[in-house]
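A.B. asks: To start, I am sharing the structure in question, which I have written as structure tokens.
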Amino acid sequence: MRQRFKIFDSDTHLSPNAETLEPYFDANIRKRLPEWENCKVPFRVGWAGEILEPPYRHRFQFTKRSGWRQKLRILGEAGPREQVERHSPKFMGTRFPTPGGADDNAEARIRDMDEEGVDVQLMLPGIPPASDDVEIEVGFIRANHRFTSDFCNKYPHRLKSLIVVSNKAIDVSVEEIKTWASAPWAAGIYPHLDEGVPIDHPDLEPIWAAANEAGLCVAHHSFTEGYPGYRDLWDNPFIGRTASHPWGAMRAMTAFFGAGIMDRYPNIRYCILESGFGWLPFWGARMDDQSVYISYALPQNLAHKPSEYMTSGRFFASLVIHEGEKMAKMVTDFLGDGLLMYSSDYPHAESRFPESADKVLAWKSLGDEVMRKMLWDNATRCFGEP
């Protein structure tokens with residue numbers, strides 16, 4: 001609690017390293033671990049950009065990364081340079097989060113939460129490393145769920161996460177929802193989809209049905225890999241990073257609303273995380289207009305205009321602190337006070353740790369009622385009471 005307000009942080013991250021995750025694998029996956037030794041990549045730079053010291057822990061990497069990690073074009077130049085001096089993203093806070101809080105040390109994480117005045121965190125879970133092997137996909141999903149359960153159950157009313165589901169394994173995804181939906185930590189589902197698989201694909205209907213039956217939200221979190229059009233922007237991280245998160249969320253929510261998923265499954269809530277929020281009024285108006293202008297591309301039986309799904313009480317968006325007080329007030333004026341949720345992006349470099357909550361609490365023009373909903377009420381309507 002901070003300044004009399006309870007705080008639910010709707011966008012933080014939990015990313016176990018290989019050494020943390022290995023005990024949670026099924027027996028069939030553990031048999032494969034010796035052959036994966038050469039797929040371990042040293043974790044040399046922490047999630048906030050801090051330089052780590054050996055002995056290093058590791059992450060699994062089964063395919064070669066592409067994009068600006070391999071080549072980088074400086075804006076204004078015709079092509080990528082052979083050699084470019086790179087560095088980690090600038091840490092936007094004033095001190096690095098406590099080591100281990102994003103990996104396996106729940107006590108360290110709770111100490112950081114207490115320092116910021118945060119009561120509850122929603123943690124984006126670990127996702128499978130890129131691979132075409134379905135056994136790897138399923139093995140990592142199941143191991144992550146077991147690890148997440150152990151991690152969160154140390155502080156079950158303060159640490160929450162999401163059930164990962166995959167288009168590679170629909171039946172397993174439904175089984176995982178049924179297995180974990182009633183767990184104290186399970187606050188929703190997170191679709192982990194292959195490139196080229198849109199969120200409105202009919203093969204995913206059993207997943208939405210299972211989430212609907214369990215009364216879970218569906219969470220979208222954009223990343224800088226795999227967002228639509230990324231090949232056009234891949235060679236420069238300034239363009240890619242700036243465009244990727246809102247662009248991915250725009251595409252996802254348009255498909256989710258436009259396909260009628262919210263109509264078919266009335267218990268589902270939908271949220272977008274770490275994707276910005278100032279564009280929401282513009283996007284709602286544009287979706288409404290295009291749904292008439294290009295009506296032949298939509299089902300003919302949508303119950304509402306796209307913008308009405310945004311204001312229905314079943315759609316939520318985490319704020320990003322850099323968009324600021326005026327943007328939060330504008331969005332609230334346009335779309336109401338039941339949509340925005342506080343978030344910090346802990347422990348990533350983009351967070352303002354340990355001052356994230358204080359920066360938002362300084363937005364006095366919002367008033368206490370809007371602030372209370374943004375810091376707590378809207379997140380509990382999206383993810384459930386902690």
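For the structure tokens, the naming scheme is as follows: chains receive sequential letters (A, B, ...) according to their order of presentation, residues are indexed from 1 within each chain, and ligands are indexed from 1 in presentation order.
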Based on the backbone DSSP call, show me all residues of range 35-101 of chain A assigned strand (DSSP E or B), as a count of residues only.
C.D. replies: 10
A.B. asks: List the neighbours of Met123 in chain A out to 7 Å using only C-alpha atoms; skip same-chain residues closer than 6 positions along the sequence, and give me the result as a ChimeraX atom specification.
C.D. replies: /A:11-14,160-161
A.B. asks: Restricting it to N, CA and C atoms, dump the selection as a CSV table (one decimal), in the first residue's frame.
C.D. replies:
```csv
chain,number,residue,atom,x,y,z
A,11,ASP,N,1.7,-5.7,-14.8
A,11,ASP,CA,2.7,-6.1,-15.9
A,11,ASP,C,4.1,-6.2,-15.3
A,12,THR,N,4.4,-7.4,-14.8
A,12,THR,CA,5.8,-7.6,-14.3
A,12,THR,C,6.2,-9.0,-14.9
A,13,HIS,N,7.4,-9.4,-14.7
A,13,HIS,CA,7.9,-10.6,-15.4
A,13,HIS,C,8.6,-11.6,-14.5
A,14,LEU,N,8.4,-12.9,-14.8
A,14,LEU,CA,9.0,-14.0,-14.0
A,14,LEU,C,9.7,-14.8,-15.1
A,160,LYS,N,0.9,-13.5,-8.6
A,160,LYS,CA,-0.1,-14.1,-9.6
A,160,LYS,C,0.6,-14.2,-11.0
A,161,SER,N,0.1,-15.1,-11.8
A,161,SER,CA,0.7,-15.3,-13.1
A,161,SER,C,-0.4,-15.8,-14.1
```
A.B. asks: Taking only residues of range 25-136 of chain A that have an atom at most 10 Å from an atom of range 360-376 of chain A, what is each one's shortest atom pair and its distance in Å to one decimal, using only C-alpha atoms, in chain and number order, as JSON lines?
C.D. replies:
```
{"residue": "A:Val118", "atom": "CA", "partner": "A:Leu375", "partner_atom": "CA", "distance": 9.5}
{"residue": "A:Asp119", "atom": "CA", "partner": "A:Trp376", "partner_atom": "CA", "distance": 9.3}
{"residue": "A:Val120", "atom": "CA", "partner": "A:Trp376", "partner_atom": "CA", "distance": 9.1}
```
A.B. asks: Would you please give, as a PyMOL selection string, all residues of range 137-280 of chain A that DSSP assigns to helix (DSSP H, G or I) based on the backbone?
C.D. replies: chain A and resi 137-152+170-180+202-214+230-233+237-258+261-264+280
A.B. asks: Go ahead and save the residues from that selection, with C-alpha atoms, as a short mmCIF file (atom, residue, chain, number, x, y, z; two decimals), in the first residue's frame.
C.D. replies:
```cif
data_model
loop_
_atom_site.label_atom_id
_atom_site.label_comp_id
_atom_site.auth_asym_id
_atom_site.auth_seq_id
_atom_site.Cartn_x
_atom_site.Cartn_y
_atom_site.Cartn_z
CA GLU A 137 6.95 -26.66 -26.45
CA VAL A 138 4.79 -28.83 -24.19
CA GLY A 139 7.67 -29.72 -21.88
CA PHE A 140 8.56 -26.10 -21.21
CA ILE A 141 4.93 -25.06 -20.72
CA ARG A 142 4.31 -27.79 -18.15
CA ALA A 143 7.61 -27.17 -16.34
CA ASN A 144 6.94 -23.43 -16.19
CA HIS A 145 3.50 -24.02 -14.68
CA ARG A 146 4.94 -26.29 -11.97
CA PHE A 147 7.70 -23.81 -11.19
CA THR A 148 5.26 -20.86 -11.19
CA SER A 149 2.99 -22.70 -8.78
CA ASP A 150 5.83 -23.32 -6.32
CA PHE A 151 7.12 -19.75 -6.65
CA CYS A 152 3.73 -18.07 -6.18
CA ILE A 170 -4.44 -27.33 -28.34
CA ASP A 171 -5.50 -30.39 -26.32
CA VAL A 172 -2.58 -30.00 -23.91
CA SER A 173 -3.40 -26.31 -23.53
CA VAL A 174 -6.98 -27.11 -22.58
CA GLU A 175 -5.71 -29.73 -20.14
CA GLU A 176 -3.34 -27.20 -18.57
CA ILE A 177 -6.17 -24.69 -18.15
CA LYS A 178 -8.29 -27.30 -16.41
CA THR A 179 -5.35 -28.38 -14.23
CA TRP A 180 -4.35 -24.91 -13.04
CA PRO A 202 -10.78 -21.25 -35.37
CA ASP A 203 -8.39 -23.96 -34.14
CA LEU A 204 -8.08 -21.95 -30.91
CA GLU A 205 -11.78 -22.14 -30.05
CA PRO A 206 -11.33 -25.00 -27.50
CA ILE A 207 -8.88 -22.77 -25.62
CA TRP A 208 -11.37 -19.88 -25.45
CA ALA A 209 -14.10 -22.29 -24.36
CA ALA A 210 -11.91 -23.60 -21.53
CA ALA A 211 -10.97 -20.06 -20.43
CA ASN A 212 -14.62 -19.05 -20.56
CA GLU A 213 -15.68 -22.03 -18.43
CA ALA A 214 -13.00 -21.17 -15.88
CA TYR A 230 8.60 -7.03 -38.31
CA ARG A 231 10.66 -7.91 -41.38
CA ASP A 232 10.22 -4.37 -42.63
CA LEU A 233 11.60 -2.89 -39.41
CA PRO A 237 15.82 -1.51 -32.84
CA PHE A 238 14.68 2.10 -32.43
CA ILE A 239 11.96 1.64 -35.07
CA GLY A 240 11.21 -1.95 -34.12
CA ARG A 241 10.95 -1.36 -30.38
CA THR A 242 8.88 1.81 -30.82
CA ALA A 243 6.41 0.19 -33.22
CA SER A 244 6.23 -3.40 -32.03
CA HIS A 245 4.26 -3.26 -28.80
CA PRO A 246 1.33 -1.03 -29.83
CA TRP A 247 1.22 -2.50 -33.32
CA GLY A 248 1.00 -6.04 -31.99
CA ALA A 249 -1.74 -5.10 -29.53
CA MET A 250 -3.72 -3.19 -32.18
CA ARG A 251 -3.71 -6.25 -34.41
CA ALA A 252 -4.55 -8.67 -31.59
CA MET A 253 -7.49 -6.77 -30.12
CA THR A 254 -8.92 -6.01 -33.56
CA ALA A 255 -8.90 -9.71 -34.40
CA PHE A 256 -10.22 -10.77 -31.00
CA PHE A 257 -13.12 -8.29 -31.07
CA GLY A 258 -13.81 -8.54 -34.79
CA ILE A 261 -14.90 -14.12 -29.52
CA MET A 262 -16.21 -11.80 -26.80
CA ASP A 263 -19.76 -12.57 -27.94
CA ARG A 264 -19.35 -16.34 -27.99
CA LEU A 280 -6.76 3.39 -27.52
#
```
A.B. asks: Please measure the separation of CA of Glu116 in chain A and CA of Arg158 in chain A, giving the value in Å to one decimal.
C.D. replies: 13.6 Å
A.B. asks: Excluding Glu85 in chain A and any residue of its chain fewer than 3 positions from it, enumerate the residues within 12 Å of it, using only C-alpha atoms, and give them as an MDAnalysis selection string.
C.D. replies: chainID A and resid 69 71:74 81:82 88
A.B. asks: Restrict the selected residues to N, CA and C atoms and save them as a tab-separated table (two decimals), in the first residue's frame.
C.D. replies:
```tsv
chain	number	residue	atom	x	y	z
A	69	ARG	N	19.63	-8.45	-33.50
A	69	ARG	CA	20.64	-9.11	-32.69
A	69	ARG	C	21.77	-9.66	-33.57
A	71	LYS	N	22.17	-8.27	-37.04
A	71	LYS	CA	22.58	-7.15	-37.90
A	71	LYS	C	21.85	-5.90	-37.42
A	72	LEU	N	22.46	-4.77	-37.60
A	72	LEU	CA	21.86	-3.54	-37.11
A	72	LEU	C	22.18	-2.41	-38.08
A	73	ARG	N	21.13	-1.78	-38.56
A	73	ARG	CA	21.28	-0.63	-39.45
A	73	ARG	C	21.07	0.65	-38.65
A	74	ILE	N	22.03	1.56	-38.70
A	74	ILE	CA	21.87	2.87	-38.10
A	74	ILE	C	20.95	3.69	-38.99
A	81	ARG	N	25.68	-2.26	-40.66
A	81	ARG	CA	27.13	-2.25	-40.56
A	81	ARG	C	27.63	-3.63	-40.18
A	82	GLU	N	28.86	-3.89	-40.56
A	82	GLU	CA	29.47	-5.16	-40.18
A	82	GLU	C	29.69	-5.22	-38.67
A	88	SER	N	23.25	-2.70	-23.60
A	88	SER	CA	21.92	-3.03	-23.12
A	88	SER	C	21.05	-1.77	-23.10
```
A.B. asks: Counting only C-alpha atoms, which residue out of A:Glu135, A:Arg352, A:Ala169, A:Thr380 sits closest to Asp26 in chain A?
C.D. replies: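 For Asp26 in chain A, the nearest of the candidates is A:Glu135.
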A.B. asks: Compile a residue-level contact table for range 219-324 of chain A against range 182-190 of chain A at a cut-off of 12 Å, reporting for every qualifying residue the shortest atom pair and its distance in Å to one decimal, with only C-alpha atoms counted, rows ordered by chain and ascending number, as a Markdown table.
C.D. replies:
```
| residue | atom | partner | partner_atom | distance |
| --- | --- | --- | --- | --- |
| A:Ala219 | CA | A:Tyr190 | CA | 5.2 |
| A:His220 | CA | A:Tyr190 | CA | 6.6 |
| A:His221 | CA | A:Tyr190 | CA | 8.1 |
| A:Ser222 | CA | A:Tyr190 | CA | 11.1 |
| A:Asn267 | CA | A:Gly188 | CA | 11.7 |
| A:Ile268 | CA | A:Gly188 | CA | 9.3 |
| A:Arg269 | CA | A:Gly188 | CA | 8.8 |
| A:Tyr270 | CA | A:Gly188 | CA | 9.3 |
| A:Cys271 | CA | A:Gly188 | CA | 9.8 |
| A:Ile272 | CA | A:Tyr190 | CA | 10.5 |
| A:Leu273 | CA | A:Tyr190 | CA | 10.8 |
```
A.B. asks: Hey, can you check how far CA of Ile163 in chain A sits from CA of Pro354 in chain A?
C.D. replies: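 It comes out at 27.7 Å.
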A.B. asks: CA of Pro125 in chain A and CA of Asp112 in chain A are how many Å apart?
C.D. replies: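 Those two atoms sit 18.3 Å apart.
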A.B. asks: Closest to Gly93 in chain A among A:Leu298, A:Ile321, A:Leu21, A:Ala181, using only C-alpha atoms?
C.D. replies: A:Ile321
A.B. asks: List the neighbours of Gln290 in chain A out to 12 Å using only C-alpha atoms; skip same-chain residues closer than 5 positions along the sequence, and give me the result as a VMD selection string.
C.D. replies: chain A and resid 254 258 283 to 285 295 to 298 305 to 307
A.B. asks: Export N, CA and C atoms of the chosen residues as a compact mmCIF listing (two decimals), in the first residue's frame?
C.D. replies:
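The result, stored in part_4.txt:
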```txt
# COMPACT_ATOMS: atom_id res chain seq x y z
N THR A 254 -8.03 -6.13 -32.41
CA THR A 254 -8.92 -6.01 -33.56
C THR A 254 -9.41 -7.38 -34.00
N GLY A 258 -13.16 -8.42 -33.49
CA GLY A 258 -13.81 -8.54 -34.79
C GLY A 258 -14.27 -9.94 -35.12
N TRP A 283 -7.82 4.17 -31.80
CA TRP A 283 -8.00 2.84 -32.39
C TRP A 283 -9.46 2.40 -32.30
N GLY A 284 -10.12 2.73 -31.20
CA GLY A 284 -11.54 2.41 -31.09
C GLY A 284 -12.35 3.07 -32.18
N ALA A 285 -12.12 4.37 -32.42
CA ALA A 285 -12.85 5.08 -33.46
C ALA A 285 -12.52 4.52 -34.84
N SER A 295 -16.94 -3.98 -44.11
CA SER A 295 -17.81 -4.90 -43.36
C SER A 295 -17.78 -6.31 -43.92
N TYR A 296 -17.45 -6.46 -45.21
CA TYR A 296 -17.45 -7.80 -45.81
C TYR A 296 -16.35 -8.69 -45.22
N ALA A 297 -15.38 -8.10 -44.53
CA ALA A 297 -14.28 -8.89 -43.96
C ALA A 297 -14.56 -9.35 -42.54
N LEU A 298 -15.74 -9.04 -42.01
CA LEU A 298 -16.10 -9.37 -40.64
C LEU A 298 -17.29 -10.32 -40.61
N LYS A 305 -20.32 -2.71 -31.64
CA LYS A 305 -19.24 -2.06 -32.36
C LYS A 305 -17.92 -2.38 -31.64
N PRO A 306 -16.81 -2.40 -32.38
CA PRO A 306 -15.54 -2.72 -31.72
C PRO A 306 -15.23 -1.85 -30.51
N SER A 307 -15.50 -0.56 -30.59
CA SER A 307 -15.19 0.31 -29.44
C SER A 307 -16.04 -0.03 -28.23
```
A.B. asks: For Met113 in chain A, which residue among A:Tyr56, A:Phe8, A:Tyr309, A:Tyr342 is the nearest when counting only C-alpha atoms?
C.D. replies: A:Phe8
A.B. asks: Would you list the contacts of range 100-104 of chain A as a list in words, taking every protein, DNA or RNA residue within 7 Å and counting only C-alpha atoms, but skipping same-chain residues closer than 6 positions in sequence?
C.D. replies: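 Near range 100-104 of chain A, the qualifying residues are His13, Leu14, Ser15, Pro16, Asn17, Thr20 and Pro347 of chain A.
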A.B. asks: Looking at A:Asn153, A:Asn167, A:Ser356, A:Ser344, which one is nearest to Glu107 in chain A, with distances taken over only C-alpha atoms?
C.D. replies: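 The closest residue to Glu107 in chain A is A:Asn153.
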A.B. asks: Name the closest residue to Phe282 in chain A among the candidates A:Phe353, A:His322, A:Asp9, A:Met310; distances are taken between atoms, counting only C-alpha atoms.
C.D. replies: A:Met310
